[in-house]
2 protein chains.
Amino acid sequence: MPKSKQKPHKASISAHKVAELAGVSRSAVSRTFTEGASVSEATRRKVLAAAEKLGYHVNLLARGLIQHRSGIVCLIVADMQAPYQSSFLEAVTRRLQEIGKVVMVLNTAGQPANVEAALRQTLNYRADATVVVSGSPSASLIETCIDNGQRVILINRDDPIIGPERIMVGNEEAAREACLMLLRAACTRLAVVSSTAGTPSVTARERAFVAAAEAEGFAVTVSRAGPTGYASGADSARQLLAASSRPDGVFCVTDLLAIGFMDAARQDFRLSIPEDICVIGFDDIPEAGWLGYNLTTFRQPINEIAEYIAAILTSDEAALGKQNFPVQVVWRRTVRP
Amino acid sequence: MPKSKQKPHKASISAHKVAELAGVSRSAVSRTFTEGASVSEATRRKVLAAAEKLGYHVNLLARGLIQHRSGIVCLIVADMQAPYQSSFLEAVTRRLQEIGKVVMVLNTAGQPANVEAALRQTLNYRADATVVVSGSPSASLIETCIDNGQRVILINRDDPIIGPERIMVGNEEAAREACLMLLRAACTRLAVVSSTAGTPSVTARERAFVAAAEAEGFAVTVSRAGPTGYASGADSARQLLAASSRPDGVFCVTDLLAIGFMDAARQDFRLSIPEDICVIGFDDIPEAGWLGYNLTTFRQPINEIAEYIAAILTSDEAALGKQNFPVQVVWRRTVRP
DNA sequence: CCAGTCAATGCACAGCCGTGCAACAGAATA
DNA sequence: TATTCTGTTGCACGGCTGTGCATTGACTGG
């Protein structure tokens with residue numbers, strides 16, 4: 001017996017009590033709070049008055065039980081304090097609230113095993129939908145979700161699973177464009193700063209950049225110093241710039257990596273950007289626009305993605321399939337024009 | 001009739017079906033998934049096998065309905081993509097998941113009216129607790145929450161309401177300390193960079209700094225250029241540093257303000273920090289530790305706060321009351337030693 | 001005055017689960 | 001062998017809501 005047995009059992013007031021006070025049937029109360037139900041203005045007012053007096057609030061758990069829809073949308077995410085993820089979270093919660101949904105955040109804290117557990121929670125709460133921002137759940141579990149009538153939306157994850165909606169951004173196009181931008185700036189020694197995380201978007205950007213450079217006849221040094229973050233970017237700079245032939249054009253697969261790279265390049269090697277070395281990032285996080293960085297990067301269309309997720313949830317058709325969002329280059333001052 | 005009438009009605013499998021397949025009563029299924037219930041190992045295994053085969057998941061909505069506890073904790077927050085808020089969110093979600101709770105995020109998007117709506121959602125979902133990070137809900141609504149057996153936790157909000165738990169950080173002590181640090185660094189023309197948001201913590205820091213300075217016989221210029229963020233910090237720098245008598249010691253009530261201030265001071269006025277001007281921030285967001293800033297600031301004990309919230313939720317006693325968390329100075333390199 | 005229409009209302013059921021209570025089986029004890 | 005005890009199981013109820021169906025009452029048109 002681990003905890004206390006007797007919870008206060010604070011009888012929260014139910015529709016029944018409101019009906020009593022208002023002198024109507026419980027159905028009338030239910031209809032008053034149900035969009036589009038038939039209630040006369042008179043009883044409606046009586047019910048609302050009684051509800052206000054008692055502090056009644058519809059029990060969405062019970063409603064969800066009978067309607068088979070809880071109104072909950074789960075967001076599975078790792079590293080959620082990172083700038084890009086938190087901006088994404090903000091946009092999605094805001095937009096989903098506008099269409100009457102509410103967001104449940106499941107923080108996997110970087111443990112892949114937690115992704116499975118999180119997806120189970122999603123089922124436990126009978127969520128209307130699940131948005132997987134990080135991690136790769138097993139195909140079988142995704143299938144279970146879909147079987148239970150749940151929408152599953154995978155962000156930037158091109159697994160060949162049938163069923164879930166997939167939202168992709170133009171990683172490859174952007175990486176190719178980044179390569180051309182650096183070459184046009186007369187860079188000849190190219191490098192890409194990536195991470196050891198191995199997430200699909202990181203890998204896609206890295207590979208596409210290397211491929212594009214090789215197609216143009218340039219070799220590329222790849223550096224992966226650690227997880228996707230500021231410190232790894234700085235470490236990559238220390239590695240790459242200490243070498244005998246230092247790069248003069250660098251594509252960082254993430255703004256955070258780019259910023260770490262720039263800081264170390266300036267502080268530890270006294271380099272000027274973009275004179276000595278050009279840098280391109282990815283995401284367009286707020287920090288990229290700060291005066292000290294002015295980072296040329298690619299903007300992820302966060303609001304458009306949030307809008308699209310909302311559209312999926314309000315639409316009745318299942319399986320819209322795969323949707324691609326192009327990213328947009330944001331010219332600032334870390335690449336010579 | 002706004003939407004489709006006939007939802008797929010995908011009959012998600014219930015304990016009943018599992019019982020059928022396993023050849024036991026539904027109670028046995030329920031007990032298998034209930035901590036501490038009495039089931040023999042044999043039936044337990046039968047049930048688990050059947051559940052696995054059918055893809056059964058306990059319906060936490062129904063469980064919450066009967067137990068009067070949903071396992072949901074609501075977090076009401078504005079400006080959630082800001083570094084400090086998102087770090088806080090990360091810590092709280094992580095810790096609460098460890099104790100078996102799940103976090104529902106309600107984004108008020110800065111609209112004060114949304115705070116009330118969010119608190120209503122909290123009641124609708126019969127949340128176990130609500131953590132109010134931003135905004136000031138009305139006392140009456142808070143009372144309703146508590147009447148319904150919900151825990152209410154106010155962060156950095158010292159309203160004289162009876163009932164909710166209150167978590168405070170040592171704003172005043174830190175502001176006083178900041179003042180002394182600047183004076184010890186031989187600063188004589190003090191300024192404080194604040195914002196027009198007027199949130200309790202911002203106001204408290206601002207006032208305490210001014211009071212401490214006046215107690216030492218120094219006047220303070222106060223600048224409030226806009227909302228609490230990078231741009232306002234930069235604007236404040238442009239205002240303060242263009243004046244005839246420019247300050248040489250600045251306390252920014254937020255790291256983001258401090259970083260904006262530093263960037264503008266360096267770029268637009270070619271000032272060196274800390275030689276020409278000392279800067280102190282507040283929060284110790286990750287960006288404060290970046291090589292380009294090395295901001296001396298005060299660390300908010302995010303993990304300790306998350307831990308304390310978890311403790312409140314696992315404890316049975318109500319009304320632990322008000323808890324103060326001291327902040328810790330983080331010496332870096334924006335103040336002369 | 002009567003038939004017909006229609007909005008409003010109440011009843012009863014379904015949705016899924018935890019748990020008190022009683023029944024029961026098996027083991028341990030006298 | 002009779003009795004007590006202990007652990008397991010099933011029944012039935014309660015928790016709160018939405019909604020189909022039948023009923024009611026008022027109102028309209030002839």
# chains A, B, ... in the order shown; residues from 1 in each chain; ligands from 1
>>> closest_atom_pairs(of="chain C", to="chain A", cutoff="12 Å", atoms="only C-alpha atoms (C1' of nucleotides)", output="CSV")
residue,atom,partner,partner_atom,distance
C:DC6,C1',A:Ser38,CA,11.8
C:DA7,C1',A:Ser38,CA,7.7
C:DA8,C1',A:Val39,CA,6.3
C:DT9,C1',A:Ala28,CA,7.4
C:DG10,C1',A:Ser25,CA,6.5
C:DC11,C1',A:Ser27,CA,9.4
C:DA12,C1',A:Ser27,CA,11.2
C:DC13,C1',A:Ile66,CA,11.8
C:DA14,C1',A:Ile66,CA,7.8
C:DG15,C1',A:Ile66,CA,4.8
C:DC16,C1',A:Leu65,CA,7.3
C:DC17,C1',A:Leu65,CA,10.4
>>> interface_residues(of="chain D", to="chain A", cutoff="7 Å", atoms="only C-alpha atoms (C1' of nucleotides)", output="ChimeraX atom specification")
/D:16-18
>>> write_last_selection(atoms="C-alpha atoms (C1' of nucleotides)", output="mmCIF file, in the first residue's frame")
data_model
loop_
_atom_site.group_PDB
_atom_site.id
_atom_site.type_symbol
_atom_site.label_atom_id
_atom_site.label_comp_id
_atom_site.auth_asym_id
_atom_site.auth_seq_id
_atom_site.Cartn_x
_atom_site.Cartn_y
_atom_site.Cartn_z
ATOM 1 C "C1'" DC D 16 -20.626 11.599 -16.241
ATOM 2 C "C1'" DT D 17 -21.926 12.368 -20.449
ATOM 3 C "C1'" DG D 18 -24.331 12.452 -25.577
#
>>> calpha_fit_and_write(fixed="chain B", moving="chain A", output="short mmCIF file (atom, residue, chain, number, x, y, z; two decimals) with C-alpha atoms, in the first residue's frame")
data_model
loop_
_atom_site.label_atom_id
_atom_site.label_comp_id
_atom_site.auth_asym_id
_atom_site.auth_seq_id
_atom_site.Cartn_x
_atom_site.Cartn_y
_atom_site.Cartn_z
CA MET A 1 -24.73 21.00 -39.68
CA PRO A 2 -21.14 22.02 -40.03
CA LYS A 3 -19.19 18.80 -40.35
CA SER A 4 -19.69 15.18 -41.22
CA LYS A 5 -22.18 13.38 -39.04
CA GLN A 6 -20.90 9.85 -39.14
CA LYS A 7 -17.47 9.45 -37.65
CA PRO A 8 -15.84 6.14 -38.54
CA HIS A 9 -16.64 4.98 -35.03
CA LYS A 10 -13.66 2.68 -35.12
CA ALA A 11 -14.60 0.55 -32.14
CA SER A 12 -11.41 0.68 -30.16
CA ILE A 13 -11.04 -2.54 -28.25
CA SER A 14 -12.16 -2.51 -24.65
CA ALA A 15 -11.45 -4.60 -21.60
CA HIS A 16 -14.59 -6.53 -22.36
CA LYS A 17 -13.17 -7.99 -25.55
CA VAL A 18 -9.89 -8.83 -23.90
CA ALA A 19 -11.80 -10.68 -21.19
CA GLU A 20 -13.68 -12.66 -23.82
CA LEU A 21 -10.53 -13.69 -25.63
CA ALA A 22 -8.71 -14.56 -22.44
CA GLY A 23 -11.69 -16.45 -21.05
CA VAL A 24 -11.88 -14.49 -17.83
CA SER A 25 -14.15 -11.84 -16.38
CA ARG A 26 -13.74 -8.20 -17.21
CA SER A 27 -12.77 -7.52 -13.62
CA ALA A 28 -9.75 -9.74 -14.04
CA VAL A 29 -8.63 -7.61 -16.95
CA SER A 30 -9.14 -4.45 -14.98
CA ARG A 31 -7.16 -5.84 -12.06
CA THR A 32 -4.34 -6.93 -14.30
CA PHE A 33 -3.79 -3.34 -15.30
CA THR A 34 -4.34 -1.88 -11.85
CA GLU A 35 -1.34 -1.43 -9.61
CA GLY A 36 -1.63 -3.51 -6.45
CA ALA A 37 -4.77 -5.45 -7.33
CA SER A 38 -5.05 -9.14 -6.59
CA VAL A 39 -4.64 -11.37 -9.65
CA SER A 40 -3.07 -14.78 -9.97
CA GLU A 41 -0.02 -15.08 -12.14
CA ALA A 42 -1.84 -17.50 -14.44
CA THR A 43 -4.76 -15.24 -15.34
CA ARG A 44 -2.44 -12.30 -15.46
CA ARG A 45 -0.45 -13.95 -18.20
CA LYS A 46 -3.57 -14.97 -20.08
CA VAL A 47 -4.86 -11.42 -19.94
CA LEU A 48 -1.60 -9.87 -21.02
CA ALA A 49 -1.36 -12.25 -23.94
CA ALA A 50 -4.88 -11.44 -25.10
CA ALA A 51 -4.29 -7.72 -24.61
CA GLU A 52 -1.11 -7.85 -26.63
CA LYS A 53 -2.82 -9.78 -29.40
CA LEU A 54 -5.72 -7.34 -29.63
CA GLY A 55 -3.63 -4.22 -29.09
CA TYR A 56 -5.57 -3.28 -25.99
CA HIS A 57 -4.75 -0.10 -24.11
CA VAL A 58 -6.47 0.99 -20.92
CA ASN A 59 -8.79 3.91 -21.50
CA LEU A 60 -7.45 6.55 -19.17
CA LEU A 61 -10.48 8.73 -19.83
CA ALA A 62 -12.77 6.17 -18.26
CA ARG A 63 -10.32 5.50 -15.47
CA GLY A 64 -10.08 9.18 -14.75
CA LEU A 65 -13.83 9.42 -14.73
CA ILE A 66 -14.19 6.96 -11.90
CA GLN A 67 -11.04 7.78 -9.96
CA HIS A 68 -11.60 11.51 -10.07
CA ARG A 69 -8.02 11.93 -11.19
CA SER A 70 -7.03 12.16 -14.80
CA GLY A 71 -3.27 12.12 -14.43
CA ILE A 72 -3.18 15.31 -16.44
CA VAL A 73 -1.30 18.38 -15.30
CA CYS A 74 -1.97 21.59 -17.19
CA LEU A 75 0.71 24.15 -17.86
CA ILE A 76 -0.52 27.62 -18.70
CA VAL A 77 2.19 29.57 -20.42
CA ALA A 78 2.72 32.49 -22.77
CA ASP A 79 5.69 33.16 -24.98
CA MET A 80 6.62 29.52 -24.75
CA GLN A 81 9.20 29.61 -27.50
CA ALA A 82 11.38 31.92 -25.41
CA PRO A 83 14.51 30.20 -24.10
CA TYR A 84 13.71 30.38 -20.41
CA GLN A 85 10.13 29.24 -20.76
CA SER A 86 11.01 26.37 -23.05
CA SER A 87 13.73 25.17 -20.70
CA PHE A 88 11.26 25.30 -17.85
CA LEU A 89 8.73 23.37 -19.89
CA GLU A 90 11.28 20.74 -20.72
CA ALA A 91 12.28 20.23 -17.12
CA VAL A 92 8.71 20.06 -15.84
CA THR A 93 7.41 17.68 -18.50
CA ARG A 94 10.38 15.40 -17.96
CA ARG A 95 10.03 15.29 -14.20
CA LEU A 96 6.25 14.92 -14.19
CA GLN A 97 6.39 12.07 -16.64
CA GLU A 98 8.71 10.30 -14.25
CA ILE A 99 5.99 10.31 -11.61
CA GLY A 100 3.36 9.09 -14.05
CA LYS A 101 1.71 12.37 -14.90
CA VAL A 102 1.30 13.81 -18.33
CA VAL A 103 1.47 17.47 -19.26
CA MET A 104 -1.11 19.39 -21.22
CA VAL A 105 0.21 22.69 -22.53
CA LEU A 106 -2.12 25.63 -22.83
CA ASN A 107 -0.60 28.42 -24.86
CA THR A 108 -2.16 31.75 -24.02
CA ALA A 109 -0.30 33.38 -26.90
CA GLY A 110 0.04 36.50 -24.80
CA GLN A 111 -3.68 37.26 -24.67
CA PRO A 112 -4.73 37.75 -21.05
CA ALA A 113 -8.26 36.66 -21.88
CA ASN A 114 -6.89 33.29 -22.92
CA VAL A 115 -5.65 32.65 -19.42
CA GLU A 116 -9.19 32.39 -18.14
CA ALA A 117 -10.15 30.14 -21.04
CA ALA A 118 -7.13 27.97 -20.35
CA LEU A 119 -8.05 27.59 -16.72
CA ARG A 120 -11.51 26.51 -17.81
CA GLN A 121 -9.97 23.85 -20.02
CA THR A 122 -8.09 22.70 -16.98
CA LEU A 123 -11.41 22.14 -15.24
CA ASN A 124 -12.97 20.54 -18.27
CA TYR A 125 -10.30 17.88 -18.37
CA ARG A 126 -10.39 17.40 -14.62
CA ALA A 127 -6.67 18.02 -14.43
CA ASP A 128 -4.95 16.94 -11.24
CA ALA A 129 -3.15 20.24 -11.10
CA THR A 130 -2.51 23.44 -12.95
CA VAL A 131 0.77 25.27 -13.13
CA VAL A 132 0.38 28.91 -14.08
CA VAL A 133 3.63 30.15 -15.53
CA SER A 134 2.35 33.31 -17.17
CA GLY A 135 -0.65 35.52 -16.75
CA SER A 136 -2.80 36.26 -13.78
CA PRO A 137 -6.07 34.37 -13.55
CA SER A 138 -8.86 35.81 -11.47
CA ALA A 139 -9.00 34.78 -7.84
CA SER A 140 -12.53 33.44 -8.23
CA LEU A 141 -11.56 31.04 -10.97
CA ILE A 142 -8.61 29.80 -8.97
CA GLU A 143 -10.98 29.21 -6.12
CA THR A 144 -13.24 27.16 -8.38
CA CYS A 145 -10.27 25.03 -9.36
CA ILE A 146 -9.35 24.38 -5.78
CA ASP A 147 -12.95 23.64 -4.88
CA ASN A 148 -12.90 20.95 -7.53
CA GLY A 149 -10.00 19.30 -5.78
CA GLN A 150 -7.40 20.62 -8.17
CA ARG A 151 -3.97 21.76 -7.13
CA VAL A 152 -3.06 25.21 -8.38
CA ILE A 153 0.56 26.26 -8.53
CA LEU A 154 1.50 29.83 -9.31
CA ILE A 155 5.00 30.54 -10.49
CA ASN A 156 6.50 33.87 -9.53
CA ARG A 157 3.22 35.49 -8.74
CA ASP A 158 2.74 36.86 -5.30
CA ASP A 159 -0.95 37.70 -5.44
CA PRO A 160 -2.50 37.62 -2.02
CA ILE A 161 -4.85 34.77 -2.83
CA ILE A 162 -5.45 32.03 -0.35
CA GLY A 163 -5.31 28.47 -1.60
CA PRO A 164 -2.83 28.06 -4.41
CA GLU A 165 0.74 26.99 -3.89
CA ARG A 166 3.22 29.65 -4.79
CA ILE A 167 6.72 29.17 -6.09
CA MET A 168 8.92 32.23 -5.99
CA VAL A 169 12.51 32.85 -6.90
CA GLY A 170 14.72 35.32 -5.13
CA ASN A 171 14.15 38.24 -7.46
CA GLU A 172 14.82 40.90 -4.86
CA GLU A 173 17.95 39.32 -3.41
CA ALA A 174 19.38 38.88 -6.88
CA ALA A 175 18.62 42.45 -7.91
CA ARG A 176 20.30 43.77 -4.76
CA GLU A 177 23.28 41.54 -5.38
CA ALA A 178 23.47 42.72 -8.98
CA CYS A 179 23.59 46.30 -7.76
CA LEU A 180 26.44 45.56 -5.39
CA MET A 181 28.32 43.67 -8.09
CA LEU A 182 28.16 46.67 -10.39
CA LEU A 183 29.23 49.09 -7.68
CA ARG A 184 32.14 46.83 -6.72
CA ALA A 185 33.17 46.94 -10.38
CA ALA A 186 33.43 50.69 -9.95
CA CYS A 187 30.38 51.50 -12.01
CA THR A 188 28.89 54.87 -11.13
CA ARG A 189 26.19 55.50 -13.72
CA LEU A 190 23.66 52.73 -13.27
CA ALA A 191 20.74 51.71 -15.47
CA VAL A 192 18.21 48.92 -15.48
CA VAL A 193 16.79 47.50 -18.67
CA SER A 194 13.27 46.26 -18.15
CA SER A 195 10.19 45.75 -20.31
CA THR A 196 6.68 47.04 -20.71
CA ALA A 197 5.23 43.61 -19.96
CA GLY A 198 4.80 44.42 -16.30
CA THR A 199 4.87 40.83 -15.12
CA PRO A 200 5.48 40.40 -11.40
CA SER A 201 9.00 39.04 -11.69
CA VAL A 202 10.10 41.74 -14.09
CA THR A 203 8.65 44.45 -11.90
CA ALA A 204 10.11 42.98 -8.73
CA ARG A 205 13.62 42.82 -10.17
CA GLU A 206 13.40 46.33 -11.52
CA ARG A 207 12.12 47.84 -8.28
CA ALA A 208 14.53 45.99 -6.03
CA PHE A 209 17.49 47.13 -8.12
CA VAL A 210 16.39 50.75 -8.04
CA ALA A 211 15.80 50.59 -4.30
CA ALA A 212 19.18 49.03 -3.63
CA ALA A 213 20.97 51.63 -5.74
CA GLU A 214 19.21 54.51 -4.06
CA ALA A 215 20.08 53.06 -0.69
CA GLU A 216 23.71 53.31 -1.76
CA GLY A 217 23.21 56.84 -2.96
CA PHE A 218 23.06 56.21 -6.71
CA ALA A 219 20.39 57.21 -9.16
CA VAL A 220 19.19 54.71 -11.74
CA THR A 221 17.92 55.22 -15.27
CA VAL A 222 15.11 52.82 -16.14
CA SER A 223 14.48 51.83 -19.74
CA ARG A 224 11.46 49.93 -20.99
CA ALA A 225 11.52 49.72 -24.75
CA GLY A 226 8.89 47.05 -25.36
CA PRO A 227 8.03 43.42 -24.60
CA THR A 228 10.51 41.23 -22.79
CA GLY A 229 12.82 40.10 -25.55
CA TYR A 230 15.92 40.54 -27.64
CA ALA A 231 14.65 43.46 -29.71
CA SER A 232 13.67 45.50 -26.68
CA GLY A 233 17.11 44.99 -25.17
CA ALA A 234 18.71 46.32 -28.33
CA ASP A 235 16.33 49.27 -28.43
CA SER A 236 17.08 50.09 -24.82
CA ALA A 237 20.77 50.13 -25.64
CA ARG A 238 20.20 52.56 -28.49
CA GLN A 239 18.20 54.80 -26.20
CA LEU A 240 20.47 54.69 -23.17
CA LEU A 241 23.79 54.84 -24.99
CA ALA A 242 22.82 57.73 -27.23
CA ALA A 243 22.23 59.93 -24.19
CA SER A 244 24.83 62.42 -23.10
CA SER A 245 25.64 60.63 -19.88
CA ARG A 246 25.74 57.01 -20.85
CA PRO A 247 25.55 54.33 -18.15
CA ASP A 248 28.56 52.17 -17.34
CA GLY A 249 26.70 49.48 -15.40
CA VAL A 250 23.48 47.87 -16.54
CA PHE A 251 21.22 45.31 -14.95
CA CYS A 252 18.90 43.64 -17.45
CA VAL A 253 15.96 41.88 -15.86
CA THR A 254 16.22 39.07 -18.40
CA ASP A 255 19.07 37.41 -20.27
CA LEU A 256 17.33 37.98 -23.56
CA LEU A 257 17.20 41.71 -22.87
CA ALA A 258 20.86 41.61 -21.83
CA ILE A 259 21.92 39.87 -25.01
CA GLY A 260 20.03 42.34 -27.18
CA PHE A 261 21.59 45.14 -25.21
CA MET A 262 25.10 43.78 -25.63
CA ASP A 263 24.71 43.22 -29.34
CA ALA A 264 23.55 46.77 -29.94
CA ALA A 265 26.17 48.21 -27.62
CA ARG A 266 28.91 46.46 -29.53
CA GLN A 267 27.62 46.84 -33.06
CA ASP A 268 26.07 50.29 -32.97
CA PHE A 269 28.32 51.97 -30.38
CA ARG A 270 31.56 50.01 -30.65
CA LEU A 271 31.67 49.53 -26.92
CA SER A 272 33.71 46.85 -25.17
CA ILE A 273 32.16 44.75 -22.45
CA PRO A 274 33.06 44.81 -19.61
CA GLU A 275 35.73 47.49 -20.17
CA ASP A 276 33.36 50.29 -21.21
CA ILE A 277 30.22 48.95 -19.66
CA CYS A 278 29.27 46.10 -17.33
CA VAL A 279 26.17 44.01 -17.98
CA ILE A 280 24.27 41.58 -15.76
CA GLY A 281 21.37 39.42 -16.84
CA PHE A 282 18.86 37.10 -15.23
CA ASP A 283 17.76 33.47 -15.91
CA ASP A 284 20.96 31.88 -17.19
CA ILE A 285 19.48 30.69 -20.46
CA PRO A 286 21.77 28.55 -22.62
CA GLU A 287 22.58 31.49 -24.88
CA ALA A 288 24.12 33.35 -21.94
CA GLY A 289 26.91 30.81 -21.92
CA TRP A 290 27.77 31.20 -25.60
CA LEU A 291 31.31 32.32 -26.34
CA GLY A 292 30.21 35.62 -27.84
CA TYR A 293 28.32 36.68 -24.74
CA ASN A 294 29.72 35.04 -21.63
CA LEU A 295 27.06 36.83 -19.71
CA THR A 296 27.25 37.16 -15.94
CA THR A 297 23.78 36.31 -14.72
CA PHE A 298 21.63 34.57 -12.13
CA ARG A 299 20.68 30.96 -12.55
CA GLN A 300 17.07 30.03 -11.94
CA PRO A 301 16.93 26.60 -10.30
CA ILE A 302 14.68 25.06 -12.93
CA ASN A 303 15.30 21.47 -11.99
CA GLU A 304 14.76 22.12 -8.31
CA ILE A 305 11.47 23.84 -9.11
CA ALA A 306 10.37 20.93 -11.28
CA GLU A 307 11.31 18.61 -8.46
CA TYR A 308 9.28 20.65 -6.00
CA ILE A 309 6.24 20.60 -8.29
CA ALA A 310 6.54 16.84 -8.48
CA ALA A 311 6.72 16.72 -4.69
CA ILE A 312 3.56 18.76 -4.37
CA LEU A 313 1.73 16.39 -6.68
CA THR A 314 2.82 13.23 -4.92
CA SER A 315 2.16 14.60 -1.48
CA ASP A 316 -1.26 14.35 0.09
CA GLU A 317 -1.15 17.40 2.25
CA ALA A 318 -2.65 20.40 0.61
CA ALA A 319 -1.48 23.96 0.99
CA LEU A 320 2.23 23.70 1.49
CA GLY A 321 1.92 27.40 0.88
CA LYS A 322 4.71 29.53 -0.44
CA GLN A 323 8.15 28.30 -1.30
CA ASN A 324 11.15 30.47 -2.08
CA PHE A 325 13.97 29.37 -4.31
CA PRO A 326 17.20 31.32 -4.11
CA VAL A 327 18.89 32.07 -7.39
CA GLN A 328 22.60 31.60 -7.81
CA VAL A 329 24.98 34.06 -9.37
CA VAL A 330 26.87 32.77 -12.39
CA TRP A 331 30.09 34.68 -12.85
CA ARG A 332 31.19 34.99 -16.42
CA ARG A 333 32.85 37.89 -18.15
CA THR A 334 30.50 40.83 -18.55
CA VAL A 335 31.35 42.34 -15.18
CA ARG A 336 34.80 43.46 -14.14
CA PRO A 337 35.98 41.38 -11.18
#
>>> select_by_dssp(residues="stretch 123-323 of chain A", states="helix (DSSP H, G or I)", output="ChimeraX atom specification")
/A:123-124,139-147,171-184,200-215,230-242,255-269,286-289,302-314
>>> write_last_selection(atoms="C-alpha atoms", output="short mmCIF file (atom, residue, chain, number, x, y, z; two decimals), in the first residue's frame")
data_model
loop_
_atom_site.label_atom_id
_atom_site.label_comp_id
_atom_site.auth_asym_id
_atom_site.auth_seq_id
_atom_site.Cartn_x
_atom_site.Cartn_y
_atom_site.Cartn_z
CA LEU A 123 -3.51 5.43 -27.10
CA ASN A 124 -4.32 5.44 -23.42
CA ALA A 139 5.71 0.54 -37.66
CA SER A 140 3.55 -1.91 -35.73
CA LEU A 141 2.73 0.59 -33.02
CA ILE A 142 1.87 3.22 -35.59
CA GLU A 143 -0.43 0.71 -37.17
CA THR A 144 -2.13 0.11 -33.84
CA CYS A 145 -2.71 3.84 -33.50
CA ILE A 146 -4.27 4.06 -36.91
CA ASP A 147 -6.39 1.00 -36.26
CA ASN A 171 15.99 19.34 -47.09
CA GLU A 172 17.60 18.21 -50.31
CA GLU A 173 16.70 21.27 -52.36
CA ALA A 174 18.00 23.53 -49.63
CA ALA A 175 21.26 21.63 -49.28
CA ARG A 176 21.83 21.81 -53.04
CA GLU A 177 21.04 25.50 -53.01
CA ALA A 178 23.44 26.03 -50.11
CA CYS A 179 26.18 24.35 -52.10
CA LEU A 180 25.59 26.61 -55.08
CA MET A 181 25.49 29.69 -52.87
CA LEU A 182 28.90 28.84 -51.44
CA LEU A 183 30.39 28.13 -54.86
CA ARG A 184 28.99 31.40 -56.23
CA PRO A 200 16.53 11.77 -40.95
CA SER A 201 16.56 15.49 -41.62
CA VAL A 202 20.14 15.91 -40.49
CA THR A 203 21.28 12.99 -42.59
CA ALA A 204 19.31 14.13 -45.63
CA ARG A 205 20.81 17.62 -45.54
CA GLU A 206 24.30 16.29 -45.09
CA ARG A 207 24.06 13.76 -47.92
CA ALA A 208 22.40 16.11 -50.36
CA PHE A 209 25.09 18.74 -49.80
CA VAL A 210 27.88 16.25 -50.35
CA ALA A 211 26.22 14.92 -53.48
CA ALA A 212 25.69 18.37 -54.92
CA ALA A 213 29.30 19.36 -54.27
CA GLU A 214 30.66 16.22 -55.85
CA ALA A 215 28.46 16.79 -58.85
CA TYR A 230 25.79 24.72 -30.04
CA ALA A 231 28.69 22.89 -28.42
CA SER A 232 29.08 20.46 -31.29
CA GLY A 233 29.19 23.33 -33.76
CA ALA A 234 32.00 24.94 -31.79
CA ASP A 235 33.87 21.65 -31.56
CA SER A 236 33.53 21.11 -35.28
CA ALA A 237 35.03 24.53 -35.87
CA ARG A 238 38.01 23.69 -33.67
CA GLN A 239 38.52 20.46 -35.56
CA LEU A 240 38.06 21.79 -39.08
CA LEU A 241 39.90 25.07 -38.66
CA ALA A 242 42.93 23.55 -36.98
CA ASP A 255 21.41 27.05 -37.07
CA LEU A 256 22.54 26.06 -33.62
CA LEU A 257 25.51 24.24 -35.09
CA ALA A 258 26.23 27.24 -37.30
CA ILE A 259 26.17 29.65 -34.40
CA GLY A 260 28.51 27.48 -32.35
CA PHE A 261 30.76 27.21 -35.36
CA MET A 262 30.83 30.96 -35.90
CA ASP A 263 31.55 31.74 -32.28
CA ALA A 264 34.51 29.38 -32.17
CA ALA A 265 35.78 30.54 -35.55
CA ARG A 266 35.80 34.12 -34.38
CA GLN A 267 36.99 33.67 -30.82
CA ASP A 268 39.49 30.85 -31.17
CA PHE A 269 40.76 31.52 -34.72
CA PRO A 286 15.33 33.65 -33.80
CA GLU A 287 18.98 33.68 -32.74
CA ALA A 288 20.05 33.56 -36.39
CA GLY A 289 18.71 37.07 -36.80
CA ILE A 302 6.55 26.58 -39.19
CA ASN A 303 3.25 28.39 -39.40
CA GLU A 304 2.34 26.77 -42.69
CA ILE A 305 3.08 23.37 -41.21
CA ALA A 306 0.95 24.12 -38.16
CA GLU A 307 -1.80 25.24 -40.49
CA TYR A 308 -1.53 22.03 -42.47
CA ILE A 309 -1.72 19.92 -39.31
CA ALA A 310 -4.86 21.79 -38.34
CA ALA A 311 -6.26 21.11 -41.80
CA ILE A 312 -5.59 17.41 -41.45
CA LEU A 313 -7.43 17.32 -38.14
CA THR A 314 -10.48 19.18 -39.37
#
>>> select_by_dssp(residues="stretch 199-229 of chain A", states="strand (DSSP E)", output="JSON, numbers by chain")
{"A": [220, 221, 222, 223, 224]}
>>> write_last_selection(atoms="N, CA and C atoms", output="short mmCIF file (atom, residue, chain, number, x, y, z; two decimals), in the first residue's frame")
data_model
loop_
_atom_site.label_atom_id
_atom_site.label_comp_id
_atom_site.auth_asym_id
_atom_site.auth_seq_id
_atom_site.Cartn_x
_atom_site.Cartn_y
_atom_site.Cartn_z
N VAL A 220 34.16 17.33 -50.14
CA VAL A 220 33.58 17.94 -48.95
C VAL A 220 34.11 17.23 -47.70
N THR A 221 34.53 18.02 -46.72
CA THR A 221 34.88 17.45 -45.43
C THR A 221 33.63 17.43 -44.56
N VAL A 222 33.37 16.29 -43.95
CA VAL A 222 32.20 16.19 -43.07
C VAL A 222 32.67 16.11 -41.63
N SER A 223 32.06 16.92 -40.77
CA SER A 223 32.42 16.90 -39.36
C SER A 223 31.19 16.63 -38.51
N ARG A 224 31.32 15.64 -37.64
CA ARG A 224 30.23 15.34 -36.70
C ARG A 224 30.84 15.24 -35.31
#
